[in-house]
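Asks: This is the structure, below, for whatever I ask next.
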Amino acid sequence: MQTWSLVSLCVLLGVVVRWGVSLNSYSGAGRPPMFGDYEAQRHWQEVTYNLPVQEWYLNTTDNNLNYWGLDYPPLTAYHSLICAYIAKIINPEWVELHKSRGYESPAHKLFMRATVLVADLLIYIPAVVLYCLYLTDGSAKKKVSTLFCFLLYPGLILIDYGHFQYNGVSLGFALWGVLALGLGWDSLGSMAFCLALNYKQMELYHALPFFCYLLGKCVKLGLMGRGFFLLVRIASTVLVTFALCWLPFLSDPSRALQVVRRIFPVARGLFEDKVANTWCSLNILIKIRSILSSDSQIYLSTACTLLAVLPSSVRLLTKPTFWQFKLALANSSLAFFLFSYQVHEKSILLAALPVCLLLNDLPLVAIYFLQVSTFSMVPLLLKDGLLVPYVVTSLAFLFFGVFLLSALEHCSEEELRLGAYHKLLFCLPKLDMACIVRWKFYISVAVMAGLSFASVALVPPPHLPDLFPVLVSTTAFLHFFGTFLYFNVVQFSGPPSRKSQKKKN
């Protein structure tokens, strides 16, 4: 009973932090003619409510796709439609065709913020609670501490409740999939992940680990016996879930193809803005977009992504354990973020979710990565006027993460799983890897604080207007790439020892 009281308190505090951030500005506030993501979500409600489903993804006189046209899968459109019905009841002006374009008011802002919170309370937060209580090791206190830190992750809060998006829905469905697989409910896990994929196509970042884990499990059970029936059950679940999500578009193949074209545009380029991935960082030295054609850029990024994700996926396929699955999720999402085509800075949230799953296992590394992931979005957050919530939520997460999870105390070489590094660096003198990691953490926090301050307080030279955004993205990229290598090394090491688990508890 006491545990559930603490859980309720954690959820309440998580909701309070979310609502506190929601009181701040949002993307594109008062900036016509395109405004920002807030207007995009409102416009989708307008489109889905007023137009027949056949026209949602088509360019027509009533649906100008150049003005925030729908570019997410059908489940996002259905969610927009549900929100639109509620908006119509409260105030029809919010979703009036054409006339509602760019609509802004305190009442509408309250409504839009509330839709994000309701979605989180229904999908994301319950999944976080159940995962932390049933799929993490340790005492009740340790589980509640992990839950609190999970809910306080500032990156997701700042983007969904500040910038304005519904990432908690797709990430929540993905987390329900992880939870179901962890409990042995493979068909339900497959269905949950299909819902995530049909809400946001970027969930492809997590698709290979789900596929390899389930296929590896089927092979392990025997494809001539129980494994075959499990494979059929999973395949049937996936096909039925996709068919139901795409049902309104399946009667006409050209209509379904148009949805696919909208979901996977290639005209936007290799990357947007100053994203902390390989191509944007490399662009400082080599102007890839000028040297290579669009097709060559797609081929190059696809090849690099597949090569980066291949070792982790093969390892999971041959050893389909839940520990390997969590690490493969982190490795796959980081590989896609670092090397794939058309990456946004907000896509780092897809890598942050699996790292949150490791808060209980590798607290220092997880906290370190999650701090960097939030820092990588500083230019976007400053553009949206979210400096104060960024500073407050980042400091709160850092303090509670280090204090509640005892991150700096549980950072021996064994607990950080650094033994493999000695084998890789056999030609060098024996180093105290745990000490190096701790100092790297301290220095990284100082660098992030310094660059955050500089981005706000200093004016860049006239001939280098993007100096601070570039420094932020490059610094974050180096951290992400190092973490990607670390998680791959850990995945190819043995499973966590019981001794190290007991130390943490």
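Ligands are numbered from 1 in the order shown, chains are lettered A, B, ... in the order of the structure tokens, and residues start at 1 in each chain.
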Need the shell around region 255-263 of chain A: protein/DNA/RNA residues with any atom at most 8 Å away, counting only C-alpha atoms. Skip same-chain ones fewer than 2 positions apart. Format as a PyMOL selection string?
Replies: chain A and resi 54+57-58+70-73+201+246+249-250+252-253+265
Asks: Include C-alpha atoms and write out the residues we just selected as a short mmCIF file (atom, residue, chain, number, x, y, z; two decimals), in the first residue's frame.
Replies:
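And here's part_8.cif as it stands now:
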data_model
loop_
_atom_site.label_atom_id
_atom_site.label_comp_id
_atom_site.auth_asym_id
_atom_site.auth_seq_id
_atom_site.Cartn_x
_atom_site.Cartn_y
_atom_site.Cartn_z
CA GLN A 54 -10.40 10.23 -48.79
CA TYR A 57 -3.77 13.25 -47.57
CA LEU A 58 -4.69 14.76 -50.97
CA LEU A 70 -0.91 15.61 -42.87
CA ASP A 71 2.35 13.67 -43.04
CA TYR A 72 1.87 11.12 -40.26
CA PRO A 73 0.17 7.69 -40.48
CA GLN A 201 6.44 6.41 -38.84
CA TRP A 246 -5.50 1.53 -42.87
CA PHE A 249 -7.56 3.74 -47.53
CA LEU A 250 -7.41 0.11 -48.68
CA ASP A 252 -8.26 2.31 -53.54
CA PRO A 253 -4.56 1.40 -53.95
CA PRO A 265 8.85 12.39 -48.21
#
Asks: Do you know which residues are at most 10 Å from Ser412 (chain A) counting only C-alpha atoms, after dropping those on the same chain fewer than 3 positions away, and could you put them as a list in words?
Replies: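 What passes the distance filter is Leu408, Glu409, Glu415, Leu416, Arg417, Leu418, Asp432, Met433, Ala434, Cys435, Val437, Arg438 and Ser500 of chain A.
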Asks: Between A:Ser347, A:Gln491, A:Thr321, A:Ser236, which residue has the minimum interatomic distance to Met191 (chain A), considering only C-alpha atoms?
Replies: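 Among A:Ser347, A:Gln491, A:Thr321, A:Ser236, it is A:Ser236 that comes nearest to Met191 (chain A).
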Asks: Give me the residues near region 469-477 of chain A as a count of residues only, where near means some atom within 8 Å (using only C-alpha atoms) and where sequence neighbours in that chain fewer than 4 positions away do not count.
Replies: 17
Asks: Going by DSSP on the backbone, which residues of region 416-500 of chain A come out as alpha helix (DSSP H)? List them as an MDAnalysis selection string.
Replies: chainID A and resid 416 419:424 433:457 467:491 498:500
Asks: Would you kindly return, as a short mmCIF file (atom, residue, chain, number, x, y, z; two decimals) with all heavy atoms, in the first residue's frame, each protein, DNA or RNA residue with an atom no farther than 9 Å from any atom of region 166-178 of chain A, considering only C-alpha atoms and excluding same-chain residues fewer than 4 positions away?
Replies:
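What ended up in out_9.cif:
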data_model
loop_
_atom_site.label_atom_id
_atom_site.label_comp_id
_atom_site.auth_asym_id
_atom_site.auth_seq_id
_atom_site.Cartn_x
_atom_site.Cartn_y
_atom_site.Cartn_z
N GLN A 41 -0.83 20.83 -35.53
CA GLN A 41 -1.75 19.92 -34.86
C GLN A 41 -3.18 20.45 -34.89
O GLN A 41 -4.13 19.68 -35.07
CB GLN A 41 -1.30 19.70 -33.40
CG GLN A 41 0.10 19.12 -33.24
CD GLN A 41 0.18 17.67 -33.68
OE1 GLN A 41 -0.81 16.98 -33.81
NE2 GLN A 41 1.41 17.20 -33.90
N THR A 115 -5.28 18.22 -24.16
CA THR A 115 -5.32 17.01 -24.98
C THR A 115 -4.02 16.21 -24.86
O THR A 115 -4.04 14.98 -24.89
CB THR A 115 -5.56 17.36 -26.47
OG1 THR A 115 -4.50 18.20 -26.95
CG2 THR A 115 -6.89 18.05 -26.66
N VAL A 116 -2.89 16.92 -24.73
CA VAL A 116 -1.61 16.24 -24.55
C VAL A 116 -1.57 15.52 -23.20
O VAL A 116 -1.16 14.36 -23.11
CB VAL A 116 -0.43 17.23 -24.66
CG1 VAL A 116 0.90 16.50 -24.46
CG2 VAL A 116 -0.44 17.94 -25.98
N ALA A 119 -3.82 12.42 -23.16
CA ALA A 119 -3.18 11.33 -23.91
C ALA A 119 -2.09 10.67 -23.06
O ALA A 119 -1.96 9.43 -23.05
CB ALA A 119 -2.60 11.85 -25.21
N ASP A 120 -1.31 11.47 -22.36
CA ASP A 120 -0.26 10.93 -21.49
C ASP A 120 -0.85 10.10 -20.35
O ASP A 120 -0.33 9.02 -20.01
CB ASP A 120 0.58 12.07 -20.91
CG ASP A 120 1.84 12.33 -21.72
OD1 ASP A 120 1.94 11.77 -22.83
OD2 ASP A 120 2.71 13.09 -21.26
N LEU A 122 -3.61 8.51 -20.30
CA LEU A 122 -4.25 7.30 -20.80
C LEU A 122 -3.25 6.28 -21.35
O LEU A 122 -3.47 5.07 -21.24
CB LEU A 122 -5.26 7.65 -21.90
CG LEU A 122 -6.51 8.41 -21.47
CD1 LEU A 122 -7.35 8.76 -22.70
CD2 LEU A 122 -7.34 7.58 -20.49
N ILE A 123 -2.15 6.75 -21.93
CA ILE A 123 -1.25 5.85 -22.66
C ILE A 123 0.15 5.79 -22.05
O ILE A 123 0.63 4.72 -21.65
CB ILE A 123 -1.18 6.26 -24.15
CG1 ILE A 123 -2.57 6.18 -24.77
CG2 ILE A 123 -0.22 5.34 -24.90
CD1 ILE A 123 -2.65 6.76 -26.18
N TYR A 124 0.83 6.93 -22.00
CA TYR A 124 2.25 6.93 -21.65
C TYR A 124 2.51 6.66 -20.16
O TYR A 124 3.29 5.75 -19.82
CB TYR A 124 2.88 8.27 -22.05
CG TYR A 124 4.36 8.37 -21.76
CD1 TYR A 124 5.28 7.72 -22.57
CD2 TYR A 124 4.84 9.12 -20.69
CE1 TYR A 124 6.65 7.81 -22.32
CE2 TYR A 124 6.19 9.22 -20.43
CZ TYR A 124 7.10 8.57 -21.24
OH TYR A 124 8.43 8.65 -20.98
N ILE A 125 1.88 7.41 -19.29
CA ILE A 125 2.18 7.30 -17.86
C ILE A 125 1.84 5.93 -17.29
O ILE A 125 2.65 5.36 -16.53
CB ILE A 125 1.49 8.44 -17.09
CG1 ILE A 125 2.16 9.78 -17.46
CG2 ILE A 125 1.57 8.22 -15.58
CD1 ILE A 125 1.54 11.01 -16.82
N PRO A 126 0.68 5.32 -17.61
CA PRO A 126 0.41 3.96 -17.10
C PRO A 126 1.47 2.94 -17.53
O PRO A 126 1.86 2.07 -16.75
CB PRO A 126 -0.96 3.61 -17.69
CG PRO A 126 -1.60 4.93 -17.96
CD PRO A 126 -0.49 5.84 -18.34
N ALA A 127 1.95 3.08 -18.77
CA ALA A 127 2.98 2.15 -19.25
C ALA A 127 4.28 2.33 -18.47
O ALA A 127 4.96 1.34 -18.13
CB ALA A 127 3.22 2.38 -20.75
N VAL A 128 4.64 3.57 -18.18
CA VAL A 128 5.85 3.84 -17.40
C VAL A 128 5.72 3.24 -16.00
O VAL A 128 6.65 2.58 -15.50
CB VAL A 128 6.11 5.36 -17.29
CG1 VAL A 128 7.26 5.65 -16.33
CG2 VAL A 128 6.42 5.95 -18.66
N TYR A 131 5.90 -0.64 -16.18
CA TYR A 131 7.25 -1.09 -16.51
C TYR A 131 8.16 -1.00 -15.29
O TYR A 131 8.89 -1.96 -14.97
CB TYR A 131 7.84 -0.27 -17.66
CG TYR A 131 9.31 -0.58 -17.89
CD1 TYR A 131 9.69 -1.69 -18.62
CD2 TYR A 131 10.31 0.21 -17.31
CE1 TYR A 131 11.03 -2.01 -18.79
CE2 TYR A 131 11.65 -0.10 -17.48
CZ TYR A 131 12.00 -1.21 -18.23
OH TYR A 131 13.32 -1.53 -18.37
N LEU A 156 11.26 14.95 -23.29
CA LEU A 156 9.89 14.65 -23.72
C LEU A 156 8.91 15.70 -23.21
O LEU A 156 8.01 16.15 -23.93
CB LEU A 156 9.47 13.26 -23.24
CG LEU A 156 8.06 12.80 -23.63
CD1 LEU A 156 7.90 12.78 -25.14
CD2 LEU A 156 7.77 11.43 -23.03
N ILE A 157 9.07 16.12 -21.95
CA ILE A 157 8.18 17.11 -21.36
C ILE A 157 8.27 18.45 -22.12
O ILE A 157 7.26 19.07 -22.45
CB ILE A 157 8.50 17.31 -19.87
CG1 ILE A 157 8.23 16.03 -19.08
CG2 ILE A 157 7.68 18.47 -19.29
CD1 ILE A 157 8.66 16.09 -17.63
N ILE A 159 9.28 19.06 -25.20
CA ILE A 159 8.79 19.00 -26.58
C ILE A 159 7.27 18.87 -26.62
O ILE A 159 6.59 19.56 -27.38
CB ILE A 159 9.45 17.85 -27.35
CG1 ILE A 159 10.95 18.13 -27.53
CG2 ILE A 159 8.79 17.67 -28.72
CD1 ILE A 159 11.28 19.42 -28.27
N ASP A 160 6.70 17.99 -25.80
CA ASP A 160 5.25 17.78 -25.84
C ASP A 160 4.47 18.90 -25.17
O ASP A 160 3.41 19.30 -25.66
CB ASP A 160 4.89 16.44 -25.20
CG ASP A 160 5.08 15.27 -26.15
OD1 ASP A 160 5.71 15.48 -27.21
OD2 ASP A 160 4.61 14.16 -25.85
N TYR A 161 4.97 19.41 -24.06
CA TYR A 161 4.22 20.41 -23.29
C TYR A 161 4.74 21.83 -23.50
O TYR A 161 4.08 22.78 -23.10
CB TYR A 161 4.25 20.06 -21.80
CG TYR A 161 3.45 18.83 -21.49
CD1 TYR A 161 4.03 17.57 -21.60
CD2 TYR A 161 2.12 18.91 -21.10
CE1 TYR A 161 3.31 16.42 -21.33
CE2 TYR A 161 1.38 17.77 -20.83
CZ TYR A 161 1.98 16.52 -20.96
OH TYR A 161 1.25 15.39 -20.70
N GLY A 182 8.05 -8.08 -22.30
CA GLY A 182 8.74 -8.41 -21.06
C GLY A 182 7.94 -9.35 -20.17
O GLY A 182 8.52 -10.14 -19.41
N LEU A 183 6.62 -9.27 -20.28
CA LEU A 183 5.74 -10.15 -19.49
C LEU A 183 5.37 -11.43 -20.24
O LEU A 183 4.60 -12.24 -19.73
CB LEU A 183 4.47 -9.39 -19.10
CG LEU A 183 4.68 -8.18 -18.16
CD1 LEU A 183 3.37 -7.42 -17.97
CD2 LEU A 183 5.23 -8.62 -16.81
N TRP A 185 3.75 -11.59 -23.23
CA TRP A 185 2.53 -11.46 -24.04
C TRP A 185 2.92 -10.96 -25.43
O TRP A 185 2.75 -9.79 -25.77
CB TRP A 185 1.55 -10.50 -23.37
CG TRP A 185 1.18 -10.89 -21.97
CD1 TRP A 185 1.21 -12.14 -21.43
CD2 TRP A 185 0.74 -10.01 -20.92
NE1 TRP A 185 0.81 -12.11 -20.11
CE2 TRP A 185 0.50 -10.82 -19.77
CE3 TRP A 185 0.51 -8.65 -20.83
CZ2 TRP A 185 0.07 -10.29 -18.56
CZ3 TRP A 185 0.06 -8.12 -19.63
CH2 TRP A 185 -0.16 -8.93 -18.51
N ASP A 186 3.45 -11.87 -26.22
CA ASP A 186 4.06 -11.48 -27.49
C ASP A 186 3.08 -10.90 -28.50
O ASP A 186 3.39 -9.94 -29.20
CB ASP A 186 4.79 -12.68 -28.10
CG ASP A 186 5.92 -13.18 -27.21
OD1 ASP A 186 6.58 -12.34 -26.58
OD2 ASP A 186 6.12 -14.40 -27.12
N LEU A 188 0.19 -9.34 -27.88
CA LEU A 188 -0.22 -8.01 -27.43
C LEU A 188 0.91 -6.99 -27.64
O LEU A 188 0.67 -5.84 -27.99
CB LEU A 188 -0.62 -8.05 -25.95
CG LEU A 188 -1.97 -8.70 -25.64
CD1 LEU A 188 -2.18 -8.78 -24.13
CD2 LEU A 188 -3.10 -7.91 -26.28
N GLY A 189 2.14 -7.43 -27.40
CA GLY A 189 3.28 -6.55 -27.63
C GLY A 189 3.39 -6.16 -29.10
O GLY A 189 3.68 -5.00 -29.42
N SER A 190 3.16 -7.12 -29.98
CA SER A 190 3.19 -6.84 -31.42
C SER A 190 2.11 -5.84 -31.81
O SER A 190 2.35 -4.91 -32.59
CB SER A 190 3.00 -8.14 -32.21
OG SER A 190 3.97 -9.09 -31.86
N MET A 191 0.91 -6.03 -31.25
CA MET A 191 -0.20 -5.13 -31.55
C MET A 191 0.11 -3.71 -31.08
O MET A 191 -0.11 -2.73 -31.79
CB MET A 191 -1.49 -5.62 -30.90
CG MET A 191 -2.70 -4.76 -31.22
SD MET A 191 -4.19 -5.29 -30.37
CE MET A 191 -3.81 -4.80 -28.69
N ALA A 192 0.65 -3.59 -29.85
CA ALA A 192 0.97 -2.27 -29.30
C ALA A 192 2.01 -1.57 -30.15
O ALA A 192 1.89 -0.36 -30.43
CB ALA A 192 1.46 -2.41 -27.86
N PHE A 193 3.03 -2.30 -30.60
CA PHE A 193 4.05 -1.66 -31.41
C PHE A 193 3.50 -1.28 -32.78
O PHE A 193 3.88 -0.24 -33.34
CB PHE A 193 5.28 -2.56 -31.58
CG PHE A 193 6.36 -1.89 -32.39
CD1 PHE A 193 7.06 -0.81 -31.88
CD2 PHE A 193 6.63 -2.31 -33.70
CE1 PHE A 193 8.02 -0.16 -32.64
CE2 PHE A 193 7.60 -1.67 -34.45
CZ PHE A 193 8.30 -0.59 -33.92
N CYS A 194 2.61 -2.07 -33.33
CA CYS A 194 1.98 -1.71 -34.61
C CYS A 194 1.19 -0.41 -34.46
O CYS A 194 1.16 0.42 -35.38
CB CYS A 194 1.05 -2.83 -35.09
SG CYS A 194 1.93 -4.28 -35.70
N LEU A 195 0.53 -0.23 -33.32
CA LEU A 195 -0.20 1.02 -33.07
C LEU A 195 0.79 2.19 -33.01
O LEU A 195 0.50 3.28 -33.53
CB LEU A 195 -0.99 0.92 -31.77
CG LEU A 195 -2.16 -0.07 -31.77
CD1 LEU A 195 -2.80 -0.14 -30.39
CD2 LEU A 195 -3.21 0.33 -32.81
N ALA A 196 1.93 1.97 -32.37
CA ALA A 196 2.96 3.02 -32.31
C ALA A 196 3.43 3.39 -33.71
O ALA A 196 3.57 4.57 -34.06
CB ALA A 196 4.14 2.56 -31.46
N LEU A 197 3.68 2.37 -34.53
CA LEU A 197 4.17 2.59 -35.89
C LEU A 197 3.12 3.26 -36.77
O LEU A 197 3.46 4.05 -37.66
CB LEU A 197 4.58 1.24 -36.50
CG LEU A 197 5.44 1.23 -37.76
CD1 LEU A 197 6.69 2.08 -37.59
CD2 LEU A 197 5.81 -0.20 -38.13
N ASN A 198 1.85 2.99 -36.49
CA ASN A 198 0.77 3.61 -37.26
C ASN A 198 0.39 4.98 -36.72
O ASN A 198 -0.48 5.64 -37.29
CB ASN A 198 -0.45 2.69 -37.28
CG ASN A 198 -0.32 1.61 -38.32
OD1 ASN A 198 -0.43 1.86 -39.51
ND2 ASN A 198 -0.06 0.39 -37.88
N TYR A 199 1.02 5.39 -35.62
CA TYR A 199 0.83 6.75 -35.12
C TYR A 199 1.95 7.66 -35.62
O TYR A 199 1.69 8.77 -36.05
CB TYR A 199 0.79 6.76 -33.59
CG TYR A 199 0.32 8.09 -33.04
CD1 TYR A 199 -1.04 8.32 -32.84
CD2 TYR A 199 1.21 9.11 -32.74
CE1 TYR A 199 -1.48 9.55 -32.36
CE2 TYR A 199 0.78 10.33 -32.27
CZ TYR A 199 -0.57 10.56 -32.07
OH TYR A 199 -1.01 11.77 -31.61
N LYS A 200 3.20 7.16 -35.56
CA LYS A 200 4.33 7.93 -36.09
C LYS A 200 5.27 6.97 -36.80
O LYS A 200 5.75 5.99 -36.19
CB LYS A 200 5.07 8.67 -34.97
CG LYS A 200 4.41 9.97 -34.57
CD LYS A 200 5.37 10.87 -33.80
CE LYS A 200 4.72 12.21 -33.52
NZ LYS A 200 5.62 13.15 -32.84
N GLU A 203 8.71 5.50 -35.55
CA GLU A 203 8.86 4.31 -34.72
C GLU A 203 9.60 3.19 -35.43
O GLU A 203 9.93 2.16 -34.83
CB GLU A 203 7.49 3.82 -34.24
CG GLU A 203 6.93 4.58 -33.05
CD GLU A 203 7.79 4.43 -31.79
OE1 GLU A 203 8.42 3.37 -31.62
OE2 GLU A 203 7.84 5.38 -31.00
N HIS A 206 12.59 1.71 -33.87
CA HIS A 206 12.51 0.59 -32.92
C HIS A 206 12.08 -0.71 -33.58
O HIS A 206 11.98 -1.74 -32.89
CB HIS A 206 11.49 0.92 -31.81
CG HIS A 206 11.82 2.15 -31.02
ND1 HIS A 206 10.87 3.04 -30.57
CD2 HIS A 206 13.01 2.65 -30.62
CE1 HIS A 206 11.45 4.02 -29.91
NE2 HIS A 206 12.76 3.81 -29.93
N PHE A 210 12.23 -5.14 -32.30
CA PHE A 210 10.99 -5.88 -32.10
C PHE A 210 10.95 -7.10 -33.01
O PHE A 210 10.62 -8.22 -32.58
CB PHE A 210 9.77 -4.99 -32.36
CG PHE A 210 9.30 -4.22 -31.16
CD1 PHE A 210 9.82 -2.98 -30.86
CD2 PHE A 210 8.33 -4.76 -30.31
CE1 PHE A 210 9.40 -2.27 -29.74
CE2 PHE A 210 7.89 -4.06 -29.20
CZ PHE A 210 8.43 -2.82 -28.91
N PHE A 325 17.22 -7.23 -25.72
CA PHE A 325 16.17 -6.46 -26.41
C PHE A 325 16.24 -4.98 -26.04
O PHE A 325 16.18 -4.10 -26.91
CB PHE A 325 14.81 -7.06 -26.04
CG PHE A 325 13.63 -6.30 -26.60
CD1 PHE A 325 13.53 -6.03 -27.96
CD2 PHE A 325 12.61 -5.87 -25.76
CE1 PHE A 325 12.43 -5.34 -28.47
CE2 PHE A 325 11.52 -5.18 -26.26
CZ PHE A 325 11.43 -4.90 -27.62
N LYS A 326 16.40 -4.67 -24.76
CA LYS A 326 16.47 -3.28 -24.32
C LYS A 326 17.70 -2.58 -24.90
O LYS A 326 17.61 -1.44 -25.37
CB LYS A 326 16.49 -3.20 -22.78
CG LYS A 326 15.19 -3.60 -22.13
CD LYS A 326 15.13 -3.18 -20.67
CE LYS A 326 16.13 -3.93 -19.81
NZ LYS A 326 15.99 -3.55 -18.38
N LEU A 349 14.26 11.81 -29.15
CA LEU A 349 13.33 11.25 -28.16
C LEU A 349 13.11 9.76 -28.39
O LEU A 349 12.83 9.02 -27.44
CB LEU A 349 11.99 11.99 -28.22
CG LEU A 349 12.01 13.49 -27.89
CD1 LEU A 349 10.61 14.09 -28.03
CD2 LEU A 349 12.55 13.73 -26.50
N LEU A 350 13.26 9.32 -29.62
CA LEU A 350 13.09 7.89 -29.93
C LEU A 350 14.24 7.07 -29.36
O LEU A 350 14.07 5.89 -29.04
CB LEU A 350 13.00 7.70 -31.44
CG LEU A 350 11.72 8.25 -32.07
CD1 LEU A 350 11.95 8.63 -33.51
CD2 LEU A 350 10.59 7.23 -31.95
N LEU A 353 13.80 7.03 -25.17
CA LEU A 353 12.89 6.07 -24.52
C LEU A 353 13.60 4.79 -24.10
O LEU A 353 13.52 4.39 -22.93
CB LEU A 353 11.71 5.75 -25.43
CG LEU A 353 10.74 4.70 -24.86
CD1 LEU A 353 9.99 5.24 -23.66
CD2 LEU A 353 9.77 4.21 -25.92
N PRO A 354 14.32 4.08 -25.01
CA PRO A 354 15.02 2.88 -24.56
C PRO A 354 16.10 3.15 -23.52
O PRO A 354 16.38 2.29 -22.68
CB PRO A 354 15.61 2.29 -25.84
CG PRO A 354 15.53 3.34 -26.86
CD PRO A 354 14.41 4.24 -26.48
#
Asks: Report as a list in words all protein, DNA and RNA residues lying within 9 Å of region 90-95 of chain A, evaluated on only C-alpha atoms, omitting residues in the same chain fewer than 5 positions from it.
Replies: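 Counting only C-alpha atoms, the residues come to Arg42, His43, Gln45, Glu46, Val47, Tyr49, Asn50, Ala84, Tyr85, Ser100, Arg101, Tyr103, Glu104 and His108 of chain A.
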Asks: Put those residues in a file: N, CA and C atoms, as a PDB file, in the first residue's frame.
Replies:
ATOM      1  N   ARG A  42      -3.348  21.769 -34.703  1.00  0.00           N
ATOM      2  CA  ARG A  42      -4.689  22.350 -34.775  1.00  0.00           C
ATOM      3  C   ARG A  42      -5.255  22.208 -36.185  1.00  0.00           C
ATOM      4  N   HIS A  43      -4.413  22.453 -37.192  1.00  0.00           N
ATOM      5  CA  HIS A  43      -4.850  22.374 -38.587  1.00  0.00           C
ATOM      6  C   HIS A  43      -5.276  20.952 -38.946  1.00  0.00           C
ATOM      7  N   GLN A  45      -6.680  18.876 -37.010  1.00  0.00           N
ATOM      8  CA  GLN A  45      -8.029  18.728 -36.452  1.00  0.00           C
ATOM      9  C   GLN A  45      -9.057  19.361 -37.390  1.00  0.00           C
ATOM     10  N   GLU A  46      -8.726  20.517 -37.922  1.00  0.00           N
ATOM     11  CA  GLU A  46      -9.604  21.208 -38.874  1.00  0.00           C
ATOM     12  C   GLU A  46      -9.833  20.353 -40.122  1.00  0.00           C
ATOM     13  N   VAL A  47      -8.766  19.794 -40.658  1.00  0.00           N
ATOM     14  CA  VAL A  47      -8.847  19.012 -41.894  1.00  0.00           C
ATOM     15  C   VAL A  47      -9.637  17.724 -41.685  1.00  0.00           C
ATOM     16  N   TYR A  49     -11.789  16.946 -39.453  1.00  0.00           N
ATOM     17  CA  TYR A  49     -13.198  17.142 -39.083  1.00  0.00           C
ATOM     18  C   TYR A  49     -14.042  17.569 -40.282  1.00  0.00           C
ATOM     19  N   ASN A  50     -13.502  18.416 -41.137  1.00  0.00           N
ATOM     20  CA  ASN A  50     -14.297  19.025 -42.200  1.00  0.00           C
ATOM     21  C   ASN A  50     -14.233  18.300 -43.539  1.00  0.00           C
ATOM     22  N   ALA A  84     -10.829  16.966 -32.583  1.00  0.00           N
ATOM     23  CA  ALA A  84     -11.627  17.953 -33.315  1.00  0.00           C
ATOM     24  C   ALA A  84     -13.097  17.904 -32.900  1.00  0.00           C
ATOM     25  N   TYR A  85     -13.619  16.702 -32.679  1.00  0.00           N
ATOM     26  CA  TYR A  85     -15.018  16.576 -32.235  1.00  0.00           C
ATOM     27  C   TYR A  85     -15.218  17.272 -30.890  1.00  0.00           C
ATOM     28  N   SER A 100     -10.305  29.143 -39.468  1.00  0.00           N
ATOM     29  CA  SER A 100      -9.609  28.901 -38.196  1.00  0.00           C
ATOM     30  C   SER A 100      -8.089  28.895 -38.343  1.00  0.00           C
ATOM     31  N   ARG A 101      -7.603  29.088 -39.546  1.00  0.00           N
ATOM     32  CA  ARG A 101      -6.155  29.028 -39.788  1.00  0.00           C
ATOM     33  C   ARG A 101      -5.416  30.040 -38.902  1.00  0.00           C
ATOM     34  N   TYR A 103      -5.449  30.151 -35.677  1.00  0.00           N
ATOM     35  CA  TYR A 103      -6.241  30.549 -34.504  1.00  0.00           C
ATOM     36  C   TYR A 103      -5.412  30.414 -33.222  1.00  0.00           C
ATOM     37  N   GLU A 104      -5.430  31.460 -32.415  1.00  0.00           N
ATOM     38  CA  GLU A 104      -4.729  31.459 -31.132  1.00  0.00           C
ATOM     39  C   GLU A 104      -5.569  32.186 -30.093  1.00  0.00           C
ATOM     40  N   HIS A 108      -8.053  28.290 -26.253  1.00  0.00           N
ATOM     41  CA  HIS A 108      -7.639  27.236 -27.179  1.00  0.00           C
ATOM     42  C   HIS A 108      -6.325  26.610 -26.742  1.00  0.00           C
TER      43      HIS A 108
END
Asks: As a PyMOL selection string, please: the residues near Gln371 (chain A) (cut-off 9 Å, only C-alpha atoms, same-chain neighbours under 6 positions excluded).
Replies: chain A and resi 153-155+394+397-398+445+448
Asks: Here is a test: counting only C-alpha atoms, which residue of A:Tyr486, A:Phe468, A:Phe480, A:Phe228 is nearest to Gly216 (chain A)?
Replies: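 For Gly216 (chain A), the nearest of the candidates is A:Phe228.
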Asks: For Val343 (chain A), which of A:Cys280, A:Leu404, A:Ala449, A:Leu75 is the closest residue, counting only C-alpha atoms?
Replies: A:Cys280
Asks: Tell me which of A:Asn331, A:Thr136, A:Gln297, A:Gln342 sits closest to Leu310 (chain A), counting only C-alpha atoms.
Replies: A:Asn331
Asks: Which residue out of A:Ile89, A:Met112, A:Cys356, A:Leu458 has the minimum interatomic distance to Asp37 (chain A) when only C-alpha atoms are used?
Replies: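 For Asp37 (chain A), the nearest of the candidates is A:Met112.
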Asks: Using only C-alpha atoms, which of A:Leu81, A:Ala351, A:Leu121, A:Leu357 sits nearest Leu135 (chain A)?
Replies: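 Distance minimum relative to Leu135 (chain A) lands on A:Leu357.
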